[in-house]
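J.: Quick one, data02.cif (mmCIF, C-alpha atoms and all ligand atoms):
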```
data_entry
#
loop_
_atom_site.label_atom_id
_atom_site.label_comp_id
_atom_site.auth_asym_id
_atom_site.auth_seq_id
_atom_site.Cartn_x
_atom_site.Cartn_y
_atom_site.Cartn_z
CA MET M 1 -32.34 13.87 56.81
CA ASN M 2 -30.89 10.90 54.91
CA VAL M 3 -27.21 10.29 55.59
CA LEU M 4 -25.15 7.91 53.47
CA GLY M 5 -22.55 6.17 55.65
CA ILE M 6 -19.36 4.66 54.26
CA GLU M 7 -17.06 2.35 56.21
CA THR M 8 -13.78 0.99 54.81
CA SER M 9 -11.46 1.16 57.82
CA CYS M 10 -10.50 -2.51 57.79
CA ASP M 11 -11.77 -5.45 55.77
CA GLU M 12 -15.51 -4.72 55.54
CA CYS M 13 -16.61 -2.58 52.60
CA ALA M 14 -19.87 -1.13 53.89
CA ALA M 15 -22.46 1.49 52.97
CA SER M 16 -25.75 2.38 54.61
CA VAL M 17 -28.49 4.96 54.49
CA VAL M 18 -29.86 6.09 57.86
CA GLU M 19 -32.70 8.57 58.32
CA ASP M 20 -32.39 11.13 61.12
CA GLY M 21 -29.66 9.20 62.90
CA LYS M 22 -32.01 6.39 63.82
CA LYS M 23 -33.94 4.63 61.08
CA ILE M 24 -31.80 2.24 59.07
CA LEU M 25 -33.06 2.29 55.47
CA SER M 26 -30.30 -0.01 54.22
CA ASN M 27 -27.19 -1.59 55.64
CA VAL M 28 -24.90 -3.29 53.13
CA VAL M 29 -21.72 -5.03 54.31
CA ALA M 30 -19.48 -6.71 51.75
CA SER M 31 -17.17 -8.85 53.83
CA GLN M 32 -13.64 -9.75 52.76
CA VAL M 33 -13.44 -12.58 55.32
CA GLU M 34 -13.07 -15.31 52.69
CA ILE M 35 -10.25 -13.39 50.98
CA HIS M 36 -8.19 -12.95 54.16
CA LYS M 37 -8.98 -16.39 55.62
CA PRO M 38 -5.88 -18.13 54.17
CA PHE M 39 -3.71 -15.54 55.96
CA TYR M 40 -5.51 -15.79 59.32
CA GLY M 41 -5.66 -12.01 59.43
CA VAL M 42 -6.33 -8.95 57.33
CA VAL M 43 -3.68 -8.22 54.68
CA PRO M 44 -3.76 -4.41 54.38
CA GLU M 45 -2.68 -4.20 50.73
CA ILE M 46 -5.32 -6.72 49.62
CA ALA M 47 -7.98 -5.01 51.74
CA SER M 48 -7.47 -1.59 50.15
CA ARG M 49 -7.43 -3.01 46.63
CA LYS M 50 -10.72 -4.81 47.27
CA HIS M 51 -12.27 -1.62 48.65
CA ILE M 52 -11.38 0.14 45.40
CA GLU M 53 -13.13 -2.62 43.41
CA TRP M 54 -16.16 -2.86 45.66
CA ILE M 55 -16.96 0.65 46.84
CA ILE M 56 -19.09 1.74 43.87
CA PRO M 57 -21.31 -1.39 43.73
CA VAL M 58 -21.66 -1.40 47.53
CA VAL M 59 -22.79 2.25 47.65
CA LYS M 60 -25.15 1.71 44.70
CA ASP M 61 -26.62 -1.31 46.47
CA ALA M 62 -27.16 0.66 49.69
CA ILE M 63 -28.99 3.42 47.82
CA THR M 64 -31.16 0.96 45.89
CA LYS M 65 -32.03 -1.05 49.00
CA ALA M 66 -32.94 2.17 50.84
CA GLY M 67 -35.50 2.84 48.10
CA ILE M 68 -34.09 6.30 47.41
CA ARG M 69 -32.07 8.05 44.69
CA LEU M 70 -28.77 9.86 44.89
CA LYS M 71 -30.57 13.22 45.01
CA ASP M 72 -32.34 12.11 48.22
CA ILE M 73 -29.05 11.93 50.16
CA HIS M 74 -28.46 15.03 52.25
CA GLY M 75 -25.01 14.30 53.65
CA ILE M 76 -22.23 11.70 53.56
CA ALA M 77 -20.45 10.38 56.64
CA VAL M 78 -17.28 8.35 56.24
CA THR M 79 -14.91 6.65 58.65
CA SER M 80 -11.75 8.75 58.59
CA ARG M 81 -9.92 7.26 61.62
CA PRO M 82 -8.51 5.02 63.05
CA GLY M 83 -7.85 2.04 60.81
CA LEU M 84 -5.69 0.74 57.98
CA ILE M 85 -4.50 3.81 56.15
CA GLY M 86 -4.89 2.44 52.62
CA SER M 87 -8.39 1.19 53.35
CA LEU M 88 -9.46 4.43 55.04
CA LEU M 89 -8.19 6.47 52.10
CA VAL M 90 -10.47 4.63 49.68
CA GLY M 91 -13.59 5.52 51.68
CA VAL M 92 -12.51 9.08 52.46
CA SER M 93 -11.57 9.86 48.84
CA PHE M 94 -14.75 8.32 47.50
CA ALA M 95 -16.92 10.22 50.01
CA LYS M 96 -15.26 13.52 49.11
CA GLY M 97 -15.76 12.92 45.39
CA LEU M 98 -19.41 11.93 45.73
CA ALA M 99 -20.20 14.79 48.11
CA PHE M 100 -18.55 17.26 45.73
CA SER M 101 -20.44 15.95 42.72
CA LEU M 102 -23.78 16.12 44.57
CA SER M 103 -22.99 19.48 46.25
CA ILE M 104 -23.82 18.08 49.68
CA PRO M 105 -21.77 18.16 52.92
CA PHE M 106 -19.62 15.30 54.10
CA THR M 107 -18.08 14.56 57.46
CA GLY M 108 -15.30 12.33 58.71
CA VAL M 109 -16.36 10.05 61.57
CA ASP M 110 -14.29 8.37 64.24
CA HIS M 111 -14.65 4.58 64.09
CA ILE M 112 -14.46 4.15 67.88
CA LEU M 113 -17.21 6.69 68.55
CA ALA M 114 -19.25 5.06 65.82
CA HIS M 115 -19.01 1.61 67.45
CA LEU M 116 -20.46 3.19 70.57
CA TYR M 117 -23.21 4.79 68.51
CA ALA M 118 -24.36 1.40 67.12
CA PRO M 119 -26.58 0.54 70.13
CA HIS M 120 -28.18 4.01 69.86
CA LEU M 121 -29.66 2.93 66.52
CA GLU M 122 -31.76 0.34 68.33
CA HIS M 123 -32.24 1.78 71.82
CA ASP M 124 -32.96 5.19 73.31
CA ILE M 125 -29.90 5.70 75.50
CA THR M 126 -29.19 8.72 77.67
CA TYR M 127 -25.79 9.97 78.84
CA PRO M 128 -23.59 9.51 80.78
CA TYR M 129 -22.66 5.86 80.63
CA ILE M 130 -19.65 3.58 80.80
CA GLY M 131 -18.72 2.71 77.23
CA LEU M 132 -17.01 -0.54 76.38
CA ILE M 133 -15.44 -0.86 72.94
CA VAL M 134 -14.02 -4.30 72.30
CA SER M 135 -12.99 -5.21 68.79
CA GLY M 136 -10.14 -6.62 66.76
CA GLY M 137 -8.21 -3.38 67.03
CA HIS M 138 -9.49 -1.71 70.21
CA THR M 139 -10.16 -2.41 73.85
CA ILE M 140 -11.39 0.69 75.64
CA ILE M 141 -13.38 1.42 78.78
CA ALA M 142 -14.56 5.03 78.80
CA LYS M 143 -16.83 7.47 80.53
CA VAL M 144 -19.10 8.68 77.75
CA THR M 145 -20.79 12.04 78.19
CA SER M 146 -22.19 12.87 74.75
CA VAL M 147 -22.47 11.55 71.23
CA CYS M 148 -18.99 12.78 70.40
CA SER M 149 -17.02 12.94 73.62
CA PHE M 150 -15.62 10.49 76.06
CA THR M 151 -12.82 10.14 78.56
CA VAL M 152 -10.79 6.98 78.32
CA LEU M 153 -10.61 5.23 81.69
CA GLY M 154 -8.70 2.17 80.57
CA THR M 155 -7.30 0.51 77.50
CA THR M 156 -5.10 -2.44 76.60
CA ILE M 157 -1.39 -2.06 77.17
CA ASP M 158 -0.62 -4.58 74.42
CA ASP M 159 -3.00 -6.69 72.27
CA ALA M 160 -6.66 -5.88 71.69
CA CYS M 161 -9.21 -8.34 73.07
CA GLY M 162 -10.44 -9.47 69.62
CA GLU M 163 -6.86 -9.78 68.44
CA ALA M 164 -6.25 -12.33 71.23
CA PHE M 165 -9.28 -14.34 70.05
CA ASP M 166 -7.97 -14.23 66.48
CA LYS M 167 -4.39 -15.22 67.44
CA VAL M 168 -5.47 -18.14 69.65
CA ALA M 169 -7.72 -19.43 66.86
CA LYS M 170 -4.84 -19.09 64.42
CA TYR M 171 -2.36 -21.11 66.53
CA TYR M 172 -4.92 -23.85 67.18
CA ASP M 173 -6.09 -23.78 63.57
CA LEU M 174 -9.69 -23.34 64.71
CA GLY M 175 -10.82 -21.06 61.89
CA TYR M 176 -11.13 -17.39 61.01
CA PRO M 177 -12.29 -14.94 62.30
CA GLY M 178 -11.29 -16.33 65.67
CA GLY M 179 -13.90 -14.67 67.87
CA VAL M 180 -16.87 -16.21 66.16
CA VAL M 181 -15.45 -19.74 66.09
CA ILE M 182 -14.15 -19.60 69.69
CA ASP M 183 -17.54 -18.35 70.91
CA TRP M 184 -19.20 -21.25 69.09
CA LEU M 185 -16.74 -23.94 70.31
CA ALA M 186 -16.81 -22.58 73.87
CA GLN M 187 -20.50 -23.36 74.17
CA LYS M 188 -19.61 -27.06 74.19
CA GLY M 189 -16.50 -26.78 76.36
CA ASN M 190 -15.62 -26.66 80.03
CA PRO M 191 -14.43 -23.15 80.98
CA LEU M 192 -12.61 -24.55 84.00
CA ALA M 193 -10.65 -27.22 82.08
CA PHE M 194 -7.62 -24.92 82.01
CA ARG M 195 -6.56 -22.28 84.47
CA PHE M 196 -5.14 -19.43 82.46
CA PRO M 197 -3.52 -16.43 84.13
CA LYS M 198 -5.14 -13.04 84.41
CA PRO M 199 -2.78 -10.05 84.31
CA SER M 200 -2.05 -8.43 87.60
CA LEU M 201 -1.30 -4.92 86.41
CA HIS M 202 0.19 -2.25 88.57
CA LYS M 203 -2.96 -0.38 89.64
CA GLY M 204 -1.41 3.12 89.94
CA ASP M 205 -2.95 5.77 87.74
CA HIS M 206 -4.56 3.37 85.30
CA PRO M 207 -6.57 0.81 87.26
CA TYR M 208 -8.85 -0.02 84.33
CA ASP M 209 -6.08 -1.01 81.91
CA VAL M 210 -5.98 -4.58 80.62
CA SER M 211 -3.42 -6.82 78.97
CA TYR M 212 -3.85 -9.77 76.62
CA SER M 213 -0.38 -10.76 75.46
CA GLY M 214 0.34 -12.88 78.57
CA LEU M 215 -2.92 -14.76 78.24
CA LYS M 216 -2.30 -15.35 74.54
CA THR M 217 1.16 -16.78 75.26
CA ALA M 218 -0.18 -18.98 78.07
CA VAL M 219 -2.84 -20.45 75.81
CA VAL M 220 -0.41 -21.00 72.95
CA ASN M 221 1.95 -22.79 75.37
CA GLN M 222 -0.68 -25.50 75.82
CA LEU M 223 -0.33 -26.52 72.17
CA ASP M 224 1.90 -29.56 72.82
CA LEU M 225 -0.58 -31.04 75.29
CA PHE M 226 -3.33 -30.28 72.86
CA TRP M 227 -1.73 -32.02 69.88
CA ASN M 228 -0.77 -34.99 72.06
CA LYS M 229 -4.43 -35.24 73.02
CA LYS M 230 -3.84 -35.32 76.76
CA ASP M 231 -7.00 -35.59 78.89
CA GLY M 232 -9.55 -32.94 78.17
CA LYS M 233 -7.21 -31.03 75.86
CA ASN M 234 -9.76 -30.56 73.14
CA PRO M 235 -10.62 -27.44 71.12
CA GLU M 236 -13.89 -26.92 72.98
CA ASN M 237 -12.19 -26.81 76.39
CA ILE M 238 -9.36 -24.58 75.14
CA ALA M 239 -11.92 -22.22 73.62
CA ALA M 240 -14.14 -22.14 76.71
CA SER M 241 -11.26 -21.63 79.16
CA PHE M 242 -9.60 -18.96 77.04
CA GLN M 243 -12.87 -17.15 76.41
CA LYS M 244 -13.81 -17.10 80.08
CA THR M 245 -10.43 -15.65 81.05
CA ALA M 246 -10.33 -13.11 78.21
CA ILE M 247 -13.83 -11.85 78.92
CA ASP M 248 -13.46 -11.86 82.70
CA ILE M 249 -10.36 -9.68 82.37
CA ILE M 250 -12.33 -6.88 80.71
CA ALA M 251 -15.66 -7.49 82.48
CA ASP M 252 -13.99 -7.20 85.91
CA ARG M 253 -12.63 -3.76 84.93
CA VAL M 254 -16.03 -2.64 83.62
CA VAL M 255 -17.70 -3.62 86.89
CA MET M 256 -14.97 -1.76 88.76
CA ALA M 257 -15.57 1.37 86.64
CA VAL M 258 -19.30 1.19 87.37
CA ARG M 259 -18.62 0.89 91.07
CA ASP M 260 -16.05 3.70 91.17
CA THR M 261 -17.96 6.21 89.02
CA GLY M 262 -21.46 5.42 90.25
CA ILE M 263 -22.56 5.32 86.59
CA ARG M 264 -24.69 2.20 86.46
CA LYS M 265 -25.25 1.95 82.73
CA VAL M 266 -22.84 0.16 80.41
CA VAL M 267 -23.08 0.42 76.64
CA ALA M 268 -20.96 -1.95 74.55
CA GLY M 269 -19.88 -2.00 70.92
CA GLY M 270 -17.34 -3.60 68.58
CA GLY M 271 -16.98 -7.14 67.26
CA VAL M 272 -16.27 -8.77 70.63
CA SER M 273 -19.48 -7.28 72.08
CA ALA M 274 -21.21 -10.02 70.04
CA ASN M 275 -19.62 -12.57 72.37
CA SER M 276 -22.27 -14.63 74.11
CA TYR M 277 -20.32 -15.03 77.37
CA LEU M 278 -19.60 -11.28 77.60
CA ARG M 279 -23.31 -10.55 77.14
CA LYS M 280 -24.31 -13.12 79.74
CA ARG M 281 -21.67 -12.01 82.21
CA LEU M 282 -22.57 -8.28 82.07
CA ASN M 283 -26.32 -8.90 81.90
CA GLU M 284 -26.16 -10.99 85.06
CA GLU M 285 -24.19 -8.37 86.94
CA LYS M 286 -26.25 -6.85 89.78
CA GLY M 287 -26.69 -3.09 90.19
CA MET M 288 -26.10 -2.13 86.57
CA THR M 289 -27.70 -2.30 83.15
CA ALA M 290 -25.81 -3.47 80.08
CA ILE M 291 -26.89 -2.50 76.57
CA PHE M 292 -25.55 -4.33 73.51
CA PRO M 293 -26.15 -3.78 69.80
CA SER M 294 -27.70 -6.65 67.86
CA VAL M 295 -25.01 -8.96 66.51
CA GLN M 296 -24.95 -7.50 62.96
CA LEU M 297 -24.31 -4.02 64.39
CA CYS M 298 -21.47 -5.20 66.67
CA THR M 299 -19.01 -5.79 63.86
CA ASP M 300 -18.00 -3.15 61.33
CA ASN M 301 -20.92 -1.60 59.48
CA ALA M 302 -21.80 1.74 57.90
CA ALA M 303 -25.13 2.28 59.70
CA MET M 304 -23.22 3.32 62.82
CA ILE M 305 -21.20 5.76 60.69
CA ALA M 306 -24.28 7.30 59.07
CA GLY M 307 -26.09 7.45 62.43
CA LEU M 308 -23.27 9.29 64.14
CA GLY M 309 -22.67 11.53 61.11
CA PHE M 310 -26.27 12.76 61.33
CA HIS M 311 -25.53 14.35 64.72
CA PHE M 312 -22.58 16.26 63.28
CA PHE M 313 -24.69 17.61 60.41
CA ALA M 314 -27.54 18.43 62.81
CA ALA M 315 -25.05 20.50 64.85
CA GLY M 316 -24.01 22.34 61.67
CA GLU M 317 -20.64 20.62 61.45
CA LYS M 318 -19.03 19.26 58.32
CA SER M 319 -15.51 18.39 57.17
CA SER M 320 -13.51 20.33 54.65
CA TYR M 321 -12.03 18.79 51.53
CA ASP M 322 -8.59 18.71 53.08
CA LEU M 323 -9.72 16.14 55.67
CA ASN M 324 -7.15 13.36 55.80
CA ALA M 325 -7.43 9.75 56.91
CA GLU M 326 -5.56 8.95 60.14
CA ALA M 327 -4.36 5.44 60.93
CA ARG M 328 -3.98 6.15 64.64
CA VAL M 329 -5.50 8.59 67.07
CA PRO M 330 -3.09 9.90 69.68
CA LEU M 331 -3.75 10.79 73.35
CA PHE M 332 -5.65 7.71 74.26
CA ARG M 333 -5.72 8.18 77.97
CA ARG M 334 -7.35 11.56 78.38
CA VAL M 335 -10.16 13.02 76.36
CA TYR M 336 -11.45 11.69 73.07
CA PRO M 337 -11.75 12.72 70.33
O1 LIG X 1 -15.50 -4.40 65.25
P1 LIG X 1 -14.82 -5.37 64.35
O2 LIG X 1 -15.63 -5.93 63.21
O3 LIG X 1 -13.55 -4.75 63.71
C1 LIG X 1 -12.68 -3.88 64.36
O4 LIG X 1 -13.01 -2.66 64.48
O5 LIG X 1 -11.63 -4.39 64.82
O6 LIG X 1 -14.28 -6.55 65.28
C2 LIG X 1 -13.71 -7.70 64.76
C3 LIG X 1 -13.24 -8.55 65.92
C4 LIG X 1 -12.41 -9.76 65.50
O7 LIG X 1 -11.25 -9.82 66.31
C5 LIG X 1 -13.34 -10.94 65.79
O8 LIG X 1 -12.64 -12.13 66.12
C6 LIG X 1 -14.12 -10.40 66.97
O9 LIG X 1 -14.36 -9.05 66.66
N1 LIG X 1 -15.42 -11.09 67.18
C7 LIG X 1 -15.72 -11.78 68.29
C8 LIG X 1 -17.02 -12.32 68.09
N2 LIG X 1 -17.46 -11.91 66.86
C9 LIG X 1 -16.47 -11.15 66.31
N3 LIG X 1 -15.01 -12.02 69.40
C10 LIG X 1 -15.58 -12.79 70.35
N4 LIG X 1 -16.80 -13.35 70.24
C11 LIG X 1 -17.56 -13.13 69.13
N5 LIG X 1 -18.78 -13.69 69.03
ZN ZN X 2 -14.63 -1.82 64.21
#
```
Mind turning the file's structure into structure tokens?
T.:
Amino acid sequence: MNVLGIETSCDECAASVVEDGKKILSNVVASQVEIHKPFYGVVPEIASRKHIEWIIPVVKDAITKAGIRLKDIHGIAVTSRPGLIGSLLVGVSFAKGLAFSLSIPFTGVDHILAHLYAPHLEHDITYPYIGLIVSGGHTIIAKVTSVCSFTVLGTTIDDACGEAFDKVAKYYDLGYPGGVVIDWLAQKGNPLAFRFPKPSLHKGDHPYDVSYSGLKTAVVNQLDLFWNKKDGKNPENIAASFQKTAIDIIADRVVMAVRDTGIRKVVAGGGVSANSYLRKRLNEEKGMTAIFPSVQLCTDNAAMIAGLGFHFFAAGEKSSYDLNAEARVPLFRRVYP
């Protein structure tokens, strides 16, 4: 079964054809990074307008690169939540229209679940496992029991992990998107040059929760020293020290979840799972296995959407034409979706 995946939840306009939930026939990602760069962040109105301009050529490109024709597509999967509402609506409306015109089923797909599906495209992974979703918009540690269900163990109480990378890079004028440039600079820096605080959250009912706003503020407060070029206050050291702290915050909680649940497999997804220190840190951890997608499948793509959508179609599920896009998904602490 060939599934066409469509992803427009944020600033990547992406389409992909995946066969039987596993074999990627094409994976086209048209990035808006250059357009949003001057603003150091995604401008929602610009993003949705670009999706409208780009969606048809991107889908056409994905079909051509897959070496198939429109009639060879058996179902369409589209990100319907969570994300920027205007951007989501472009993908959802387009998917509905194309599915209707081809008389094939379509299904809405949850972006968070799809990020966790990305490593399944490249590895044979069995359930259960501890899922780690770390991206620009999400920071979630979950117990994952099937392709479409997980229980959230912990999440951020303020900023997302990737958001902290992006904000720090913005204040220090390091470049955009922040995660990529900080990862790169950090490789030449001393991670112990600065001692940044780690949040000491009230353990209570939510021991796996994390926080990034305090760390972000602490790093930004070093700006004066940085501009005055005090000893060792260079971008590489800032990047390395921030990165180590930001990643240790989440990695410590993941290790704790592995220990507490006895589930010794960790599967990661989302833009920050491309981070070289996160990969090293979890791969070196004793008594557990960590599985990461390849770097191009960490960030937003439509192959993960098509791959996950296949499982819905295979189970006989499809969405109706009144499916709506949802910017946010409630009830984050219990069961998902
Ligand atoms: O998954 P993604 O493309 O979009 C969301 O669903 O949010 O993630 C984008 C985020 C950005 O915050 C970006 O700075 C971060 O992933 N990112 C990284 C790296 N590559 C991308 N963060 C840390 N290290 C990286 N190598
Ligand atoms: Zn994403």
J.: Taking a cut-off of 10 Å and counting all atoms listed in the file, can you build a table that, for each residue of chain M near ligand ZN 2 (chain X), reports the nearest atom pair and how far apart they are in Å (one decimal), sorted by chain then residue number, as JSON lines?
T.:
```
{"residue": "M:Glu7", "atom": "CA", "partner": "X:ZN2", "partner_atom": "ZN", "distance": 9.3}
{"residue": "M:Thr8", "atom": "CA", "partner": "X:ZN2", "partner_atom": "ZN", "distance": 9.8}
{"residue": "M:Ser9", "atom": "CA", "partner": "X:ZN2", "partner_atom": "ZN", "distance": 7.7}
{"residue": "M:Cys10", "atom": "CA", "partner": "X:ZN2", "partner_atom": "ZN", "distance": 7.7}
{"residue": "M:Asp11", "atom": "CA", "partner": "X:ZN2", "partner_atom": "ZN", "distance": 9.6}
{"residue": "M:Glu12", "atom": "CA", "partner": "X:ZN2", "partner_atom": "ZN", "distance": 9.2}
{"residue": "M:Pro82", "atom": "CA", "partner": "X:ZN2", "partner_atom": "ZN", "distance": 9.3}
{"residue": "M:Gly83", "atom": "CA", "partner": "X:ZN2", "partner_atom": "ZN", "distance": 8.5}
{"residue": "M:His111", "atom": "CA", "partner": "X:ZN2", "partner_atom": "ZN", "distance": 6.4}
{"residue": "M:Ile112", "atom": "CA", "partner": "X:ZN2", "partner_atom": "ZN", "distance": 7.0}
{"residue": "M:Leu113", "atom": "CA", "partner": "X:ZN2", "partner_atom": "ZN", "distance": 9.9}
{"residue": "M:Ala114", "atom": "CA", "partner": "X:ZN2", "partner_atom": "ZN", "distance": 8.4}
{"residue": "M:His115", "atom": "CA", "partner": "X:ZN2", "partner_atom": "ZN", "distance": 6.4}
{"residue": "M:Leu116", "atom": "CA", "partner": "X:ZN2", "partner_atom": "ZN", "distance": 10.0}
{"residue": "M:Ile133", "atom": "CA", "partner": "X:ZN2", "partner_atom": "ZN", "distance": 8.8}
{"residue": "M:Val134", "atom": "CA", "partner": "X:ZN2", "partner_atom": "ZN", "distance": 8.5}
{"residue": "M:Ser135", "atom": "CA", "partner": "X:ZN2", "partner_atom": "ZN", "distance": 5.9}
{"residue": "M:Gly136", "atom": "CA", "partner": "X:ZN2", "partner_atom": "ZN", "distance": 7.1}
{"residue": "M:Gly137", "atom": "CA", "partner": "X:ZN2", "partner_atom": "ZN", "distance": 7.2}
{"residue": "M:His138", "atom": "CA", "partner": "X:ZN2", "partner_atom": "ZN", "distance": 7.9}
{"residue": "M:Gly269", "atom": "CA", "partner": "X:ZN2", "partner_atom": "ZN", "distance": 8.5}
{"residue": "M:Gly270", "atom": "CA", "partner": "X:ZN2", "partner_atom": "ZN", "distance": 5.4}
{"residue": "M:Gly271", "atom": "CA", "partner": "X:ZN2", "partner_atom": "ZN", "distance": 6.6}
{"residue": "M:Val272", "atom": "CA", "partner": "X:ZN2", "partner_atom": "ZN", "distance": 9.6}
{"residue": "M:Leu297", "atom": "CA", "partner": "X:ZN2", "partner_atom": "ZN", "distance": 9.9}
{"residue": "M:Cys298", "atom": "CA", "partner": "X:ZN2", "partner_atom": "ZN", "distance": 8.0}
{"residue": "M:Thr299", "atom": "CA", "partner": "X:ZN2", "partner_atom": "ZN", "distance": 5.9}
{"residue": "M:Asp300", "atom": "CA", "partner": "X:ZN2", "partner_atom": "ZN", "distance": 4.6}
{"residue": "M:Asn301", "atom": "CA", "partner": "X:ZN2", "partner_atom": "ZN", "distance": 7.9}
```
J.: To one decimal place, how far is atom CA of Arg259 of chain M from atom CA of Glu122 of chain M in Å?
T.: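 Taking atom CA of Arg259 of chain M and atom CA of Glu122 of chain M, their separation equals 26.3 Å.
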J.: Report, in Å with one decimal, the straight-line distance from atom C3 of ligand LIG 1 (chain X) to atom CA of Asp260 of chain M.
T.: 28.2 Å
J.: Which of these residues is nearest to Asp158 of chain M, using all atoms listed in the file: M:Gly214, M:Pro105, M:Gly179, M:Gly309?
T.: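 Checking each of M:Gly214, M:Pro105, M:Gly179, M:Gly309 against Asp158 of chain M, counting all atoms listed in the file, the winner is M:Gly214.
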J.: Using all atoms listed in the file and a cutoff of 8 Å, can you tell me which residues are near (-25.3, 14.4, 73.1) in the file's coordinates, and write them out as a list in words?
T.: Tyr127, Thr145, Ser146, Val147 and Cys148 of chain M
J.: Need to verify the contact set: Glu53 of chain M, 12 Å, all atoms listed in the file, exclusion of same-chain residues closer than 5 positions in sequence. Can you return it as a VMD selection string?
T.: chain M and resid 8 13 30 32 46 to 48 58 to 59 87 90 to 91 94
J.: In Å, how far is it from atom O8 of ligand LIG 1 (chain X) to atom CA of Ile55 of chain M?
T.: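 Interatomic distance, atom O8 of ligand LIG 1 (chain X) to atom CA of Ile55 of chain M: 23.5 Å.
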J.: Do a neighbour search on His36 of chain M at 10 Å with only C-alpha atoms, toss out local chain neighbours closer than 5 positions, and write the hits as a VMD selection string.
T.: chain M and resid 11 31 41 to 44 46 to 47 176 to 177
J.: Which residue out of M:Tyr129, M:Ile85, M:Arg281, M:Ala169 has the minimum interatomic distance to Thr151 of chain M when all atoms listed in the file are used?
T.: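 Nearest to Thr151 of chain M: M:Tyr129.
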J.: Tell me, counting all atoms listed in the file, for each residue of segment 164-202 of chain M within 8 Å of segment 235-252 of chain M, which pair of atoms is nearest and how far apart they are in Å to one decimal, in rows ordered by chain and increasing number, as CSV.
T.:
```
residue,atom,partner,partner_atom,distance
M:Phe165,CA,M:Gln243,CA,7.8
M:Tyr172,CA,M:Pro235,CA,7.8
M:Leu174,CA,M:Pro235,CA,7.7
M:Ile182,CA,M:Ala239,CA,5.2
M:Asp183,CA,M:Gln243,CA,7.3
M:Leu185,CA,M:Glu236,CA,4.9
M:Ala186,CA,M:Ala240,CA,3.9
M:Gln187,CA,M:Ala240,CA,7.0
M:Lys188,CA,M:Glu236,CA,5.8
M:Gly189,CA,M:Glu236,CA,4.3
M:Asn190,CA,M:Asn237,CA,5.0
M:Pro191,CA,M:Ser241,CA,4.0
M:Leu192,CA,M:Ser241,CA,5.8
M:Ala193,CA,M:Asn237,CA,5.9
M:Phe194,CA,M:Ser241,CA,5.7
M:Arg195,CA,M:Ser241,CA,7.1
M:Phe196,CA,M:Thr245,CA,6.7
M:Pro197,CA,M:Thr245,CA,7.6
M:Lys198,CA,M:Ile249,CA,6.5
M:Pro199,CA,M:Ile249,CA,7.8
```
J.: Which of these residues is nearest to ligand LIG 1 (chain X), using only C-alpha atoms and all ligand atoms: M:Ser200, M:Thr126, M:Ser294, M:Asn283?
T.: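 Nearest to ligand LIG 1 (chain X): M:Ser294.
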J.: As a PyMOL selection string, please: the residues near segment 319-330 of chain M (cut-off 8 Å, all atoms listed in the file, same-chain neighbours under 5 positions excluded).
T.: chain M and resi 80-85+88-89+92+96+105-108
J.: Could you check the closest approach to ligand LIG 1 (chain X) for each of M:Arg253, M:Lys170, M:His51, M:Arg264 and tell me which residue wins, using all atoms listed in the file?
T.: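 Using all atoms listed in the file, the shortest distance to ligand LIG 1 (chain X) belongs to M:Lys170.
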J.: Would you compute an axis-aligned box for ligand LIG 1 (chain X), covering every atom listed for it in the file with 8 Å of margin on each side, and report centre and edge lengths in Å to one decimal as lines of an AutoDock Vina configuration file?
T.:
```
center_x = -15.0
center_y = -8.2
center_z = 66.8
size_x = 23.5
size_y = 27.0
size_z = 23.1
```
J.: I'd like to know which of M:Ala66, M:Ile104, M:Ala77, M:Asp124 is closest to His311 of chain M, using all atoms listed in the file.
T.: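 Between M:Ala66, M:Ile104, M:Ala77, M:Asp124, the residue approaching His311 of chain M most closely is M:Ala77.
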J.: Counting all atoms listed in the file, which of M:Thr79, M:Ser149, M:Ser273, M:Ser93 gets nearest to ligand LIG 1 (chain X)?
T.: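 Smallest distance to ligand LIG 1 (chain X) is found for M:Ser273.
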